[in-house]
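**Student:** Got a structure here, written out as structure tokens. Questions coming.
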Amino acid sequence: MNHIVEVTQDALTQMLLNGFEAFVIKHGGKKRSGIEFHASLYGDFEFNQKSGIHYNVIRFVSADTSARMASGSVENDPEAQDLKEQIAEQLGYYRLGNMHSHPYLLNEMSLDTVRNRGCVFSKGDKKFFKYQLEQKPEGSYLLELVLTIKQLEKQNTVRDGRIDDSVIEFSVGNCKCFLRAQAFSKNDGGELVEEPTRLNCEYLEKFTYISADFGRVKAKPKRTRVLEYKPR
């Protein structure tokens, strides 16, 4: 199977708003900034039988407010997923898949390491995807996106652009971001398979970087794991 995933500007905006809120703002009793968020993806779907291509257009993103968010993991609630899917279908939208974020503070991982392995799906992610597919009928697949946010000392737009078919690198203020899309299935032996997937996002492929008056994300004095936003 081949998959094309188009992310609209509206959906990208929602991904970034939710991702940066989870990244910068300290939530409730959490002792640090930089937690993962989880969201459901909604939009339009079409399968071209002649070409064998699955077309997914992500129109909007719904943050899963019931998800248990932490700095190294996030766990969604299946009941919430079902509830939202049923409502969305009544309004004419398909639930296309899920997404979550990978947050990295300044001294947690180098940018090159994030680029090479921090922006990929983790072993824990893949273990959970395999479990989900085991609950689905044969021939099913999952569509998953991951938004990686890496804090830097200063803005760095070097290498912004497409990394490969499924990943686009871009800058937001003094943070480097990576958006990855991947469809997963399982083979006859029950092993997880990465289906050929192409991520398209017209907005990301046209812009230089997202700056405006965004300012800087920086650690609070003497608290390297707690961030704050400093306007320009």
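Identifiers for the structure tokens are assigned positionally: chains receive A, B, ... in sequence, residues are indexed from 1 per chain, and ligands are indexed from 1 in the order shown.
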What parts of region 92-203 of chain A does DSSP call helix (DSSP H, G or I)? I'd like the answer as a list in words.
**Tutor:**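 Residues of region 92-203 of chain A classed as helix (DSSP H, G or I): Leu111, Asp112, Thr113, Val114, Arg115, Asn116, Arg117, Gly118, Lys123, Gly124, Asp125, Lys126, Lys127, Phe128, Phe129, Lys130, Tyr131, Gln132, Leu133, Glu134, Glu202 and Tyr203 of chain A.
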**Student:** Which residues are near Ala11 (chain A)? Cut-off 9 Å, only C-alpha atoms, ignore same chain within fewer than 3 positions. Put them as number ranges by chain.
**Tutor:** A: 7-8, 14-16, 41-42, 58-61
**Student:** Next, the residues of the selection above should be written as a tab-separated table (two decimals), in the first residue's frame with N, CA and C atoms.
**Tutor:**
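The file below, selection_19.tsv, is the result:
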chain	number	residue	atom	x	y	z
A	7	VAL	N	-1.31	17.75	4.90
A	7	VAL	CA	-1.62	18.51	6.10
A	7	VAL	C	-1.97	19.94	5.68
A	8	THR	N	-3.19	20.36	5.93
A	8	THR	CA	-3.60	21.72	5.56
A	8	THR	C	-3.00	22.74	6.53
A	14	GLN	N	-3.07	24.11	14.25
A	14	GLN	CA	-3.54	23.45	15.46
A	14	GLN	C	-2.46	22.55	16.06
A	15	MET	N	-1.71	21.87	15.22
A	15	MET	CA	-0.60	21.04	15.70
A	15	MET	C	0.41	21.88	16.47
A	16	LEU	N	0.76	23.04	15.91
A	16	LEU	CA	1.77	23.89	16.53
A	16	LEU	C	1.25	24.56	17.81
A	41	LEU	N	-6.60	13.02	14.44
A	41	LEU	CA	-6.54	13.68	13.14
A	41	LEU	C	-7.83	13.43	12.37
A	42	TYR	N	-8.42	14.49	11.82
A	42	TYR	CA	-9.69	14.37	11.12
A	42	TYR	C	-9.63	15.05	9.76
A	58	ILE	N	-5.65	15.92	6.04
A	58	ILE	CA	-5.91	16.27	7.43
A	58	ILE	C	-6.42	17.71	7.48
A	59	ARG	N	-7.71	17.86	7.82
A	59	ARG	CA	-8.35	19.18	7.84
A	59	ARG	C	-8.20	19.88	9.19
A	60	PHE	N	-8.29	19.09	10.26
A	60	PHE	CA	-8.14	19.69	11.59
A	60	PHE	C	-7.67	18.64	12.58
A	61	VAL	N	-7.23	19.13	13.73
A	61	VAL	CA	-6.64	18.29	14.77
A	61	VAL	C	-7.39	18.56	16.07
**Student:** Give the answer as one residue: which of A:Leu96, A:Ser140, A:Asn156, A:Met109 has the shortest atom-to-atom distance to Phe170 (chain A), using only C-alpha atoms?
**Tutor:**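 Nearest to Phe170 (chain A): A:Asn156.
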**Student:** Report the distance between CA of Lys186 (chain A) and CA of Ala39 (chain A) in Å, rounded to one decimal place.
**Tutor:**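 About the pair CA of Lys186 (chain A) and CA of Ala39 (chain A): they are 22.9 Å apart.
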**Student:** Distance CA of Phe128 (chain A)-CA of Ala183 (chain A), one decimal place?
**Tutor:** 13.8 Å
**Student:** What's the 6 Å shell around Gln182 (chain A), counting only C-alpha atoms, without same-chain residues fewer than 6 positions away, as a ChimeraX atom specification?
**Tutor:** /A:143-144,197
**Student:** For CA of Pro78 (chain A) and CA of Ser166 (chain A), quote the distance in Å rounded to one decimal.
**Tutor:**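 So the two atoms, CA of Pro78 (chain A) and CA of Ser166 (chain A), lie 26.5 Å apart.
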**Student:** Fewer than 2 positions away in the same chain doesn't count, so skip those; otherwise give me all residues within 7 Å of Leu105 (chain A), counting only C-alpha atoms, as a count of residues only.
**Tutor:** 6
**Student:** Let me make sure I understand: among A:Ala181, A:Leu106, A:Ile87, A:Leu152, which one has the smallest atom-to-atom distance to Glu194 (chain A) if we use only C-alpha atoms?
**Tutor:**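 The answer is A:Ala181, which sits nearest to Glu194 (chain A).
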**Student:** Please return as a PyMOL selection string: the residues of region 102-232 of chain A that backbone DSSP assigns to strand (DSSP E).
**Tutor:** chain A and resi 102-104+142-151+161-164+167-172+175-186+192-195+197-200+216-220+223-230
